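Coordinates as given in input_3.pdb (PDB, C-alpha atoms, pLDDT in the B column):
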```pdb
ATOM      1  CA  MET A   1      56.681 105.502  46.601  1.00 55.00           C
ATOM      2  CA  ASN A   2      53.640 105.107  44.400  1.00 67.00           C
ATOM      3  CA  ASN A   3      51.464 103.865  47.235  1.00 74.00           C
ATOM      4  CA  LEU A   4      51.975 107.149  49.080  1.00 80.00           C
ATOM      5  CA  GLN A   5      50.414 109.139  46.289  1.00 83.00           C
ATOM      6  CA  TYR A   6      46.939 109.667  47.744  1.00 89.00           C
ATOM      7  CA  ILE A   7      47.857 110.181  51.385  1.00 92.00           C
ATOM      8  CA  PRO A   8      48.113 114.007  51.030  1.00 92.00           C
ATOM      9  CA  LEU A   9      44.567 113.969  49.648  1.00 93.00           C
ATOM     10  CA  VAL A  10      43.377 112.124  52.774  1.00 94.00           C
ATOM     11  CA  LEU A  11      45.210 114.673  54.926  1.00 94.00           C
ATOM     12  CA  LEU A  12      43.531 117.460  52.982  1.00 94.00           C
ATOM     13  CA  ALA A  13      40.155 115.865  53.726  1.00 95.00           C
ATOM     14  CA  ILE A  14      40.976 115.735  57.460  1.00 95.00           C
ATOM     15  CA  VAL A  15      41.989 119.399  57.424  1.00 95.00           C
ATOM     16  CA  ALA A  16      38.755 120.181  55.589  1.00 95.00           C
ATOM     17  CA  VAL A  17      36.808 118.521  58.431  1.00 95.00           C
ATOM     18  CA  ALA A  18      38.602 120.798  60.918  1.00 94.00           C
ATOM     19  CA  PHE A  19      37.797 123.795  58.700  1.00 95.00           C
ATOM     20  CA  GLY A  20      34.127 122.828  58.597  1.00 95.00           C
ATOM     21  CA  LEU A  21      33.874 122.440  62.378  1.00 94.00           C
ATOM     22  CA  SER A  22      35.482 125.839  62.911  1.00 94.00           C
ATOM     23  CA  PHE A  23      33.244 127.396  60.285  1.00 95.00           C
ATOM     24  CA  ILE A  24      30.099 126.125  62.045  1.00 94.00           C
ATOM     25  CA  ARG A  25      31.255 127.871  65.228  1.00 93.00           C
ATOM     26  CA  PHE A  26      32.075 130.960  63.178  1.00 93.00           C
ATOM     27  CA  MET A  27      28.522 131.066  61.835  1.00 93.00           C
ATOM     28  CA  LEU A  28      26.608 130.374  65.051  1.00 88.00           C
ATOM     29  CA  GLY A  29      28.953 131.810  67.680  1.00 77.00           C
ATOM     30  CA  PRO A  30      26.747 133.673  70.178  1.00 84.00           C
ATOM     31  CA  SER A  31      29.128 136.511  70.981  1.00 86.00           C
ATOM     32  CA  ARG A  32      31.634 138.449  68.946  1.00 87.00           C
ATOM     33  CA  ALA A  33      34.571 136.946  70.871  1.00 88.00           C
ATOM     34  CA  ASP A  34      33.515 133.472  69.733  1.00 91.00           C
ATOM     35  CA  ARG A  35      33.595 134.615  66.140  1.00 91.00           C
ATOM     36  CA  VAL A  36      37.041 136.151  66.546  1.00 91.00           C
ATOM     37  CA  ILE A  37      38.346 132.912  68.089  1.00 92.00           C
ATOM     38  CA  ALA A  38      36.780 130.929  65.258  1.00 93.00           C
ATOM     39  CA  LEU A  39      38.322 133.269  62.685  1.00 92.00           C
ATOM     40  CA  ASP A  40      41.762 132.818  64.262  1.00 92.00           C
ATOM     41  CA  THR A  41      41.346 129.048  64.175  1.00 93.00           C
ATOM     42  CA  LEU A  42      40.107 129.227  60.577  1.00 94.00           C
ATOM     43  CA  THR A  43      43.229 131.141  59.534  1.00 94.00           C
ATOM     44  CA  ILE A  44      45.529 128.620  61.216  1.00 94.00           C
ATOM     45  CA  VAL A  45      43.634 125.728  59.625  1.00 95.00           C
ATOM     46  CA  ALA A  46      43.981 127.530  56.281  1.00 95.00           C
ATOM     47  CA  ILE A  47      47.770 127.589  56.773  1.00 94.00           C
ATOM     48  CA  GLY A  48      47.638 123.826  57.293  1.00 94.00           C
ATOM     49  CA  ALA A  49      45.476 123.415  54.190  1.00 95.00           C
ATOM     50  CA  ALA A  50      47.924 125.471  52.107  1.00 95.00           C
ATOM     51  CA  LEU A  51      50.872 123.373  53.288  1.00 95.00           C
ATOM     52  CA  THR A  52      48.995 120.132  52.656  1.00 95.00           C
ATOM     53  CA  ALA A  53      47.982 121.279  49.169  1.00 94.00           C
ATOM     54  CA  GLY A  54      51.615 122.166  48.513  1.00 94.00           C
ATOM     55  CA  VAL A  55      52.630 118.654  49.518  1.00 93.00           C
ATOM     56  CA  TRP A  56      49.898 117.146  47.343  1.00 93.00           C
ATOM     57  CA  THR A  57      50.819 119.050  44.195  1.00 93.00           C
ATOM     58  CA  ARG A  58      54.547 118.979  45.088  1.00 91.00           C
ATOM     59  CA  SER A  59      54.781 122.679  44.350  1.00 90.00           C
ATOM     60  CA  VAL A  60      56.869 124.975  46.522  1.00 90.00           C
ATOM     61  CA  PHE A  61      54.883 128.084  45.620  1.00 90.00           C
ATOM     62  CA  LEU A  62      51.838 127.109  47.676  1.00 91.00           C
ATOM     63  CA  LEU A  63      53.996 127.149  50.811  1.00 92.00           C
ATOM     64  CA  ASP A  64      54.473 130.925  50.533  1.00 92.00           C
ATOM     65  CA  ILE A  65      50.709 131.322  50.979  1.00 92.00           C
ATOM     66  CA  GLY A  66      51.073 129.632  54.353  1.00 90.00           C
ATOM     67  CA  LEU A  67      53.779 132.094  55.332  1.00 91.00           C
ATOM     68  CA  LEU A  68      51.600 135.016  54.269  1.00 92.00           C
ATOM     69  CA  LEU A  69      48.592 133.705  56.215  1.00 91.00           C
ATOM     70  CA  ALA A  70      50.770 133.243  59.313  1.00 90.00           C
ATOM     71  CA  LEU A  71      51.554 136.949  59.140  1.00 89.00           C
ATOM     72  CA  LEU A  72      47.952 137.985  58.465  1.00 89.00           C
ATOM     73  CA  ALA A  73      46.444 135.922  61.292  1.00 87.00           C
ATOM     74  CA  PHE A  74      48.071 137.963  64.028  1.00 88.00           C
ATOM     75  CA  VAL A  75      47.209 141.333  62.489  1.00 90.00           C
ATOM     76  CA  SER A  76      43.539 140.530  61.949  1.00 89.00           C
ATOM     77  CA  THR A  77      43.137 139.001  65.401  1.00 88.00           C
ATOM     78  CA  VAL A  78      44.729 141.971  67.177  1.00 89.00           C
ATOM     79  CA  ALA A  79      42.627 144.399  65.143  1.00 89.00           C
ATOM     80  CA  PHE A  80      39.415 142.582  66.065  1.00 87.00           C
ATOM     81  CA  ALA A  81      40.474 142.408  69.715  1.00 85.00           C
ATOM     82  CA  TYR A  82      41.026 146.169  69.836  1.00 86.00           C
ATOM     83  CA  TYR A  83      37.674 146.732  68.148  1.00 85.00           C
ATOM     84  CA  GLN A  84      35.981 144.431  70.660  1.00 80.00           C
ATOM     85  CA  GLU A  85      37.601 146.199  73.588  1.00 79.00           C
ATOM     86  CA  ARG A  86      36.711 149.699  72.389  1.00 79.00           C
ATOM     87  CA  ARG A  87      33.013 149.242  71.888  1.00 73.00           C
ATOM     88  CA  ASN A  88      31.288 148.023  74.993  1.00 57.00           C
ATOM     89  CA  ASP A  89      28.587 145.689  73.864  1.00 55.00           C
ATOM     90  CA  ARG A  90      28.811 142.055  73.101  1.00 52.00           C
TER
ATOM     91  CA  MET B   1      62.564 107.404  53.301  1.00 75.00           C
ATOM     92  CA  ASN B   2      61.819 110.907  54.560  1.00 85.00           C
ATOM     93  CA  GLU B   3      58.491 111.084  52.723  1.00 89.00           C
ATOM     94  CA  PRO B   4      56.542 108.499  54.829  1.00 92.00           C
ATOM     95  CA  ILE B   5      57.858 110.042  58.065  1.00 94.00           C
ATOM     96  CA  GLY B   6      56.843 113.511  56.902  1.00 93.00           C
ATOM     97  CA  LEU B   7      53.379 112.323  55.906  1.00 94.00           C
ATOM     98  CA  PHE B   8      52.940 110.569  59.271  1.00 94.00           C
ATOM     99  CA  ILE B   9      53.836 113.729  61.194  1.00 95.00           C
ATOM    100  CA  MET B  10      51.499 115.726  58.951  1.00 95.00           C
ATOM    101  CA  GLY B  11      48.726 113.272  59.780  1.00 95.00           C
ATOM    102  CA  ALA B  12      49.272 113.864  63.496  1.00 95.00           C
ATOM    103  CA  GLY B  13      49.071 117.614  62.894  1.00 95.00           C
ATOM    104  CA  ALA B  14      45.870 117.294  60.867  1.00 95.00           C
ATOM    105  CA  LEU B  15      44.282 115.219  63.640  1.00 95.00           C
ATOM    106  CA  LEU B  16      45.245 117.903  66.170  1.00 95.00           C
ATOM    107  CA  MET B  17      43.464 120.450  63.988  1.00 95.00           C
ATOM    108  CA  VAL B  18      40.341 118.280  64.022  1.00 95.00           C
ATOM    109  CA  PHE B  19      40.596 118.171  67.826  1.00 95.00           C
ATOM    110  CA  ALA B  20      40.818 121.972  67.843  1.00 94.00           C
ATOM    111  CA  GLY B  21      37.671 122.137  65.718  1.00 94.00           C
ATOM    112  CA  ILE B  22      35.811 119.723  67.996  1.00 94.00           C
ATOM    113  CA  GLY B  23      36.851 121.732  71.055  1.00 93.00           C
ATOM    114  CA  LEU B  24      35.755 124.932  69.379  1.00 92.00           C
ATOM    115  CA  LEU B  25      32.364 123.434  68.631  1.00 92.00           C
ATOM    116  CA  ARG B  26      31.676 121.561  71.860  1.00 92.00           C
ATOM    117  CA  MET B  27      32.992 123.786  74.643  1.00 90.00           C
ATOM    118  CA  PRO B  28      30.311 125.846  76.415  1.00 90.00           C
ATOM    119  CA  ASP B  29      32.138 129.139  76.957  1.00 89.00           C
ATOM    120  CA  PHE B  30      34.348 131.439  74.944  1.00 89.00           C
ATOM    121  CA  LEU B  31      37.232 131.170  77.409  1.00 90.00           C
ATOM    122  CA  LEU B  32      37.041 127.377  77.309  1.00 91.00           C
ATOM    123  CA  ARG B  33      36.879 127.477  73.512  1.00 92.00           C
ATOM    124  CA  LEU B  34      39.950 129.712  73.519  1.00 92.00           C
ATOM    125  CA  ALA B  35      41.799 127.332  75.827  1.00 91.00           C
ATOM    126  CA  ALA B  36      40.818 124.357  73.692  1.00 90.00           C
ATOM    127  CA  THR B  37      41.776 125.812  70.326  1.00 92.00           C
ATOM    128  CA  SER B  38      44.822 128.020  70.765  1.00 91.00           C
ATOM    129  CA  LYS B  39      47.185 125.337  72.048  1.00 92.00           C
ATOM    130  CA  SER B  40      46.130 122.432  69.867  1.00 93.00           C
ATOM    131  CA  SER B  41      45.996 124.443  66.646  1.00 93.00           C
ATOM    132  CA  SER B  42      49.471 125.868  67.337  1.00 93.00           C
ATOM    133  CA  LEU B  43      50.905 122.387  67.877  1.00 94.00           C
ATOM    134  CA  GLY B  44      49.010 121.130  64.835  1.00 95.00           C
ATOM    135  CA  ILE B  45      50.451 123.763  62.528  1.00 95.00           C
ATOM    136  CA  ALA B  46      53.927 123.094  63.954  1.00 95.00           C
ATOM    137  CA  LEU B  47      53.585 119.377  63.216  1.00 96.00           C
ATOM    138  CA  ILE B  48      52.273 120.021  59.705  1.00 96.00           C
ATOM    139  CA  ALA B  49      55.172 122.396  59.019  1.00 95.00           C
ATOM    140  CA  VAL B  50      57.747 119.904  60.318  1.00 95.00           C
ATOM    141  CA  GLY B  51      56.159 117.180  58.198  1.00 95.00           C
ATOM    142  CA  THR B  52      56.246 119.395  55.112  1.00 95.00           C
ATOM    143  CA  ALA B  53      59.908 120.208  55.715  1.00 95.00           C
ATOM    144  CA  LEU B  54      60.676 116.495  56.029  1.00 94.00           C
ATOM    145  CA  PHE B  55      58.646 115.721  52.912  1.00 93.00           C
ATOM    146  CA  PHE B  56      60.383 118.197  50.614  1.00 92.00           C
ATOM    147  CA  TRP B  57      63.849 117.874  52.223  1.00 91.00           C
ATOM    148  CA  ASP B  58      64.997 121.163  50.771  1.00 90.00           C
ATOM    149  CA  ASP B  59      66.777 124.105  52.321  1.00 92.00           C
ATOM    150  CA  GLY B  60      64.389 126.820  51.146  1.00 92.00           C
ATOM    151  CA  VAL B  61      61.317 124.863  52.234  1.00 93.00           C
ATOM    152  CA  THR B  62      62.848 124.164  55.638  1.00 94.00           C
ATOM    153  CA  LEU B  63      63.587 127.871  56.089  1.00 94.00           C
ATOM    154  CA  ARG B  64      59.995 128.812  55.238  1.00 93.00           C
ATOM    155  CA  MET B  65      58.586 126.196  57.576  1.00 94.00           C
ATOM    156  CA  ALA B  66      60.859 127.419  60.384  1.00 95.00           C
ATOM    157  CA  ALA B  67      59.580 130.947  59.733  1.00 94.00           C
ATOM    158  CA  ILE B  68      55.939 129.766  59.899  1.00 94.00           C
ATOM    159  CA  VAL B  69      56.521 127.909  63.172  1.00 94.00           C
ATOM    160  CA  LEU B  70      58.364 130.908  64.634  1.00 94.00           C
ATOM    161  CA  PHE B  71      55.589 133.343  63.671  1.00 92.00           C
ATOM    162  CA  VAL B  72      52.790 131.140  64.947  1.00 92.00           C
ATOM    163  CA  PHE B  73      54.528 130.348  68.231  1.00 93.00           C
ATOM    164  CA  LEU B  74      55.304 134.024  68.809  1.00 93.00           C
ATOM    165  CA  THR B  75      51.942 135.477  67.845  1.00 92.00           C
ATOM    166  CA  ALA B  76      49.301 132.881  68.763  1.00 91.00           C
ATOM    167  CA  PRO B  77      49.672 133.259  72.602  1.00 92.00           C
ATOM    168  CA  VAL B  78      49.619 137.043  72.328  1.00 92.00           C
ATOM    169  CA  ALA B  79      46.582 136.973  70.064  1.00 91.00           C
ATOM    170  CA  SER B  80      44.651 134.551  72.267  1.00 92.00           C
ATOM    171  CA  HIS B  81      45.503 136.599  75.350  1.00 92.00           C
ATOM    172  CA  MET B  82      44.159 139.720  73.668  1.00 91.00           C
ATOM    173  CA  ILE B  83      40.951 137.989  72.577  1.00 90.00           C
ATOM    174  CA  GLY B  84      40.389 136.620  76.065  1.00 89.00           C
ATOM    175  CA  ARG B  85      40.951 139.980  77.744  1.00 88.00           C
ATOM    176  CA  ALA B  86      38.800 141.866  75.261  1.00 88.00           C
ATOM    177  CA  GLY B  87      35.969 139.358  75.462  1.00 86.00           C
ATOM    178  CA  TYR B  88      36.052 139.274  79.247  1.00 84.00           C
ATOM    179  CA  ARG B  89      36.147 143.050  79.653  1.00 81.00           C
ATOM    180  CA  SER B  90      33.355 143.673  77.201  1.00 80.00           C
ATOM    181  CA  GLY B  91      31.095 141.518  79.357  1.00 75.00           C
ATOM    182  CA  THR B  92      30.620 138.391  77.333  1.00 79.00           C
ATOM    183  CA  PRO B  93      28.589 136.031  79.548  1.00 80.00           C
ATOM    184  CA  LEU B  94      30.513 133.188  81.152  1.00 82.00           C
ATOM    185  CA  TRP B  95      29.370 129.605  81.478  1.00 82.00           C
ATOM    186  CA  HIS B  96      26.738 128.973  84.164  1.00 81.00           C
ATOM    187  CA  GLY B  97      28.954 126.308  85.714  1.00 79.00           C
ATOM    188  CA  THR B  98      31.797 128.748  86.384  1.00 78.00           C
ATOM    189  CA  THR B  99      32.678 128.403  90.069  1.00 78.00           C
ATOM    190  CA  ILE B 100      35.192 131.197  90.565  1.00 76.00           C
ATOM    191  CA  ASP B 101      35.623 134.541  88.835  1.00 76.00           C
ATOM    192  CA  GLU B 102      38.703 136.204  90.299  1.00 73.00           C
ATOM    193  CA  MET B 103      38.321 139.434  88.391  1.00 73.00           C
ATOM    194  CA  GLY B 104      34.608 139.711  88.848  1.00 68.00           C
ATOM    195  CA  ARG B 105      32.495 141.825  91.156  1.00 57.00           C
ATOM    196  CA  ASP B 106      33.594 141.594  94.792  1.00 52.00           C
ATOM    197  CA  GLU B 107      31.730 142.305  98.052  1.00 52.00           C
ATOM    198  CA  THR B 108      32.050 146.079  97.813  1.00 53.00           C
ATOM    199  CA  GLY B 109      30.400 146.089  94.450  1.00 49.00           C
ATOM    200  CA  LYS B 110      33.508 147.137  92.576  1.00 53.00           C
ATOM    201  CA  GLY B 111      34.930 145.035  89.874  1.00 53.00           C
ATOM    202  CA  ILE B 112      36.636 145.236  86.569  1.00 54.00           C
ATOM    203  CA  ARG B 113      33.474 144.087  84.852  1.00 54.00           C
ATOM    204  CA  GLY B 114      31.589 146.894  86.542  1.00 46.00           C
TER
END
```

Same coordinates, now as structure tokens:
Amino acid sequence: MNNLQYIPLVLLAIVAVAFGLSFIRFMLGPSRADRVIALDTLTIVAIGAALTAGVWTRSVFLLDIGLLLALLAFVSTVAFAYYQERRNDR
Amino acid sequence: MNEPIGLFIMGAGALLMVFAGIGLLRMPDFLLRLAATSKSSSLGIALIAVGTALFFWDDGVTLRMAAIVLFVFLTAPVASHMIGRAGYRSGTPLWHGTTIDEMGRDETGKGIRG
């Protein structure tokens, strides 16, 4: 099992690539809806990063952060969607 | 033996997240970006959670991962539907190659986008 030691680090790098791509769209998204979509994707990618970091350090406590982010993603997205729908500019 | 299988499934989930990021960056329209990201990131987080549960092989971890998958699969379609409706109604411009806009302005000049 010693040869599997660095595979979670590689997975963390792949998840970091996904985070970077979403963050570029979050910074240069033309409209506000693009930024909300990018923020939703960033939160879900952050759940994946928390789980992968928990696998890498073999600690169970990092997995609770993923559970917390899964709850927060829906609340923040719905709040931004209501805000977008109330004010009528883009 | 469960650790290599869990890491393999986690690798598939991480690749799906990269595909979600590429779709978010390359698609020309916010509705297309929404369609590209919401499904693949949901499946990616489900695969990563299943891989983590297989890796740890523990009852508490499996319960937490089941809770994460349940929350994401319940809330991600609702959230993406709300973003799409809010962005469409607030008049975010669509892609110039859009051929049909069912909710758009009709012949009488009335439409939900006004």

Hey, could you make a per-residue contact list for chain A against chain B with 6 Å as the cut-off, showing the nearest pair of atoms and its distance in Å to one decimal, counting only C-alpha atoms, sorted by chain and number, as a Markdown table?
```
| residue | atom | partner | partner_atom | distance |
| --- | --- | --- | --- | --- |
| A:Val15 | CA | B:Ala14 | CA | 5.6 |
| A:Ala18 | CA | B:Val18 | CA | 4.4 |
| A:Leu21 | CA | B:Gly21 | CA | 5.1 |
| A:Ser22 | CA | B:Gly21 | CA | 5.1 |
| A:Arg25 | CA | B:Leu25 | CA | 5.7 |
| A:Ala33 | CA | B:Gly87 | CA | 5.4 |
| A:Asp34 | CA | B:Phe30 | CA | 5.7 |
| A:Gly48 | CA | B:Ile45 | CA | 5.9 |
| A:Leu67 | CA | B:Ile68 | CA | 5.6 |
| A:Phe74 | CA | B:Thr75 | CA | 6.0 |
| A:Ala81 | CA | B:Ile83 | CA | 5.3 |
| A:Gln84 | CA | B:Ala86 | CA | 6.0 |
| A:Glu85 | CA | B:Ala86 | CA | 4.8 |
| A:Asn88 | CA | B:Ser90 | CA | 5.3 |
| A:Arg90 | CA | B:Thr92 | CA | 5.9 |
```

Selection above as a file: C-alpha atoms, as a CSV table (one decimal), keeping the file's coordinate frame:
```csv
chain,number,residue,atom,x,y,z
A,15,VAL,CA,42.0,119.4,57.4
A,18,ALA,CA,38.6,120.8,60.9
A,21,LEU,CA,33.9,122.4,62.4
A,22,SER,CA,35.5,125.8,62.9
A,25,ARG,CA,31.3,127.9,65.2
A,33,ALA,CA,34.6,136.9,70.9
A,34,ASP,CA,33.5,133.5,69.7
A,48,GLY,CA,47.6,123.8,57.3
A,67,LEU,CA,53.8,132.1,55.3
A,74,PHE,CA,48.1,138.0,64.0
A,81,ALA,CA,40.5,142.4,69.7
A,84,GLN,CA,36.0,144.4,70.7
A,85,GLU,CA,37.6,146.2,73.6
A,88,ASN,CA,31.3,148.0,75.0
A,90,ARG,CA,28.8,142.1,73.1
```

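Of the residues under consideration (A:Ile65, A:Leu72, A:Val45, A:Ala53), A:Val45 shows the shortest atom-to-atom contact distance to Val17 (chain A) when counting all atoms listed in the file.
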
- CA of Leu62 (chain A) to CA of Leu54 (chain B), distance in Å rounded to a single decimal: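 Interatomic distance here is 16.1 Å.
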
- In Å, rounded to a single decimal, give me how far CA of Leu39 (chain A) is from CA of Phe26 (chain A).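 Separation between CA of Phe26 (chain A) and CA of Leu39 (chain A): 6.7 Å.
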
- Message: To one decimal place in Å, what is the distance between CA of Ser76 (chain A) and CA of Leu11 (chain A)?
- Response: 26.8 Å

Listed atoms of region 48-57 of chain A, axis-aligned box, 4 Å per side: centre and edge lengths to one decimal in Å, as AutoDock Vina command-line options?
```
--center_x 49.1 --center_y 121.3 --center_z 50.7 --size_x 15.2 --size_y 16.3 --size_z 21.1
```

- Message: Between B:Ile100, B:Ala35, B:Leu94, B:Leu63, which residue has the minimum interatomic distance to Ile37 (chain A), considering all atoms listed in the file?
- Response: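 Using all atoms listed in the file, the shortest distance to Ile37 (chain A) belongs to B:Ala35.
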
Sel. within 7 Å of pt (48.5, 127.6, 52.3), counting all atoms listed in the file, output as a CSV table (one decimal) with C-alpha atoms, keeping the file's coordinate frame:
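Written output follows (out20.csv):
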```csv
chain,number,residue,atom,x,y,z
A,46,ALA,CA,44.0,127.5,56.3
A,47,ILE,CA,47.8,127.6,56.8
A,48,GLY,CA,47.6,123.8,57.3
A,49,ALA,CA,45.5,123.4,54.2
A,50,ALA,CA,47.9,125.5,52.1
A,51,LEU,CA,50.9,123.4,53.3
A,62,LEU,CA,51.8,127.1,47.7
A,63,LEU,CA,54.0,127.1,50.8
A,65,ILE,CA,50.7,131.3,51.0
A,66,GLY,CA,51.1,129.6,54.4
```

- Message: Between A:Thr57, A:Asn3, A:Thr43, A:Thr52, which residue has the minimum interatomic distance to Val50 (chain B), considering all atoms listed in the file?
- Response: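 Looking at the shortest contact to Val50 (chain B), the residue is A:Thr52.
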
- Message: Just checking: using all atoms listed in the file, which residue out of A:Ala38, A:Ile14, A:Val60, A:Val55 ends up closest to Ala73 (chain A)?
- Response: A:Ala38

- Rank nothing, just name the residue among A:Ile24, A:Ser59, A:Thr41, A:Val36 nearest to Ala79 (chain A), using only C-alpha atoms.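 Among the listed residues, the smallest separation from Ala79 (chain A) belongs to A:Val36.
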
Provide region 22-47 of chain A rebuilt to N, CA and C atoms, formatted as a tab-separated table (two decimals), in the frame of the given file.
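Saved the output as out_14.tsv:
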```tsv
chain	number	residue	atom	x	y	z
A	22	SER	N	35.23	124.46	62.50
A	22	SER	CA	35.48	125.84	62.91
A	22	SER	C	34.52	126.81	62.24
A	23	PHE	N	34.14	126.50	61.00
A	23	PHE	CA	33.24	127.40	60.28
A	23	PHE	C	31.84	127.36	60.86
A	24	ILE	N	31.41	126.18	61.38
A	24	ILE	CA	30.10	126.12	62.04
A	24	ILE	C	30.10	127.03	63.27
A	25	ARG	N	31.19	126.99	64.05
A	25	ARG	CA	31.26	127.87	65.23
A	25	ARG	C	31.36	129.33	64.80
A	26	PHE	N	32.00	129.59	63.68
A	26	PHE	CA	32.08	130.96	63.18
A	26	PHE	C	30.70	131.48	62.78
A	27	MET	N	29.84	130.61	62.25
A	27	MET	CA	28.52	131.07	61.84
A	27	MET	C	27.58	131.22	63.01
A	28	LEU	N	27.60	130.32	63.98
A	28	LEU	CA	26.61	130.37	65.05
A	28	LEU	C	27.17	130.79	66.39
A	29	GLY	N	28.40	131.37	66.41
A	29	GLY	CA	28.95	131.81	67.68
A	29	GLY	C	28.08	132.87	68.32
A	30	PRO	N	27.72	132.73	69.60
A	30	PRO	CA	26.75	133.67	70.18
A	30	PRO	C	27.32	135.08	70.33
A	31	SER	N	28.56	135.19	70.76
A	31	SER	CA	29.13	136.51	70.98
A	31	SER	C	30.16	136.81	69.90
A	32	ARG	N	30.65	138.07	69.96
A	32	ARG	CA	31.63	138.45	68.95
A	32	ARG	C	32.99	137.81	69.25
A	33	ALA	N	33.29	137.57	70.53
A	33	ALA	CA	34.57	136.95	70.87
A	33	ALA	C	34.65	135.53	70.32
A	34	ASP	N	33.52	134.82	70.31
A	34	ASP	CA	33.52	133.47	69.73
A	34	ASP	C	33.86	133.51	68.25
A	35	ARG	N	33.32	134.52	67.58
A	35	ARG	CA	33.60	134.62	66.14
A	35	ARG	C	35.04	134.98	65.87
A	36	VAL	N	35.63	135.81	66.74
A	36	VAL	CA	37.04	136.15	66.55
A	36	VAL	C	37.92	134.93	66.79
A	37	ILE	N	37.59	134.14	67.83
A	37	ILE	CA	38.35	132.91	68.09
A	37	ILE	C	38.21	131.95	66.91
A	38	ALA	N	37.00	131.83	66.39
A	38	ALA	CA	36.78	130.93	65.26
A	38	ALA	C	37.52	131.42	64.02
A	39	LEU	N	37.60	132.74	63.85
A	39	LEU	CA	38.32	133.27	62.68
A	39	LEU	C	39.82	133.01	62.82
A	40	ASP	N	40.35	133.13	64.03
A	40	ASP	CA	41.76	132.82	64.26
A	40	ASP	C	42.05	131.35	63.95
A	41	THR	N	41.17	130.47	64.45
A	41	THR	CA	41.35	129.05	64.18
A	41	THR	C	41.21	128.74	62.69
A	42	LEU	N	40.27	129.44	62.02
A	42	LEU	CA	40.11	129.23	60.58
A	42	LEU	C	41.36	129.63	59.81
A	43	THR	N	42.02	130.72	60.24
A	43	THR	CA	43.23	131.14	59.53
A	43	THR	C	44.35	130.13	59.73
A	44	ILE	N	44.46	129.59	60.97
A	44	ILE	CA	45.53	128.62	61.22
A	44	ILE	C	45.26	127.32	60.46
A	45	VAL	N	43.98	126.92	60.40
A	45	VAL	CA	43.63	125.73	59.62
A	45	VAL	C	43.89	125.97	58.13
A	46	ALA	N	43.70	127.22	57.69
A	46	ALA	CA	43.98	127.53	56.28
A	46	ALA	C	45.47	127.45	55.98
A	47	ILE	N	46.32	127.79	56.97
A	47	ILE	CA	47.77	127.59	56.77
A	47	ILE	C	48.06	126.10	56.57
```
